[in-house]
Amino acid sequence: MAQKTAMGRSARPRSRAPAFYAQRTLLKREVLPEHVANAVFALTGGELTHTTGLHIPVDAGVAAAFLR
């Protein structure tokens, strides 16, 4: 059953997909847009001044989980 919002509209129920995919990662966590933004900020924010050609996966270990 959908919940009513403050404006009287029906709120969509939260999808179970994030939890489904989170259970398939090594860290058992969701990857949120904020996590990707933090990685981008680290690369562009000037803190990593002596790095070149970095590849930083922000996938909570999905790639490594499928290698097993």
# chains A, B, ... in the order shown; residues from 1 in each chain; ligands from 1

call {"tool": "residues_around", "arguments": {"residues": "region 30-43 of chain A", "least_positions_apart": "3", "cutoff": "10 Å", "atoms": "only C-alpha atoms", "output": "VMD selection string"}}
result
chain A and resid 17 to 25 27 46 to 49 51 to 52 54 56 to 61
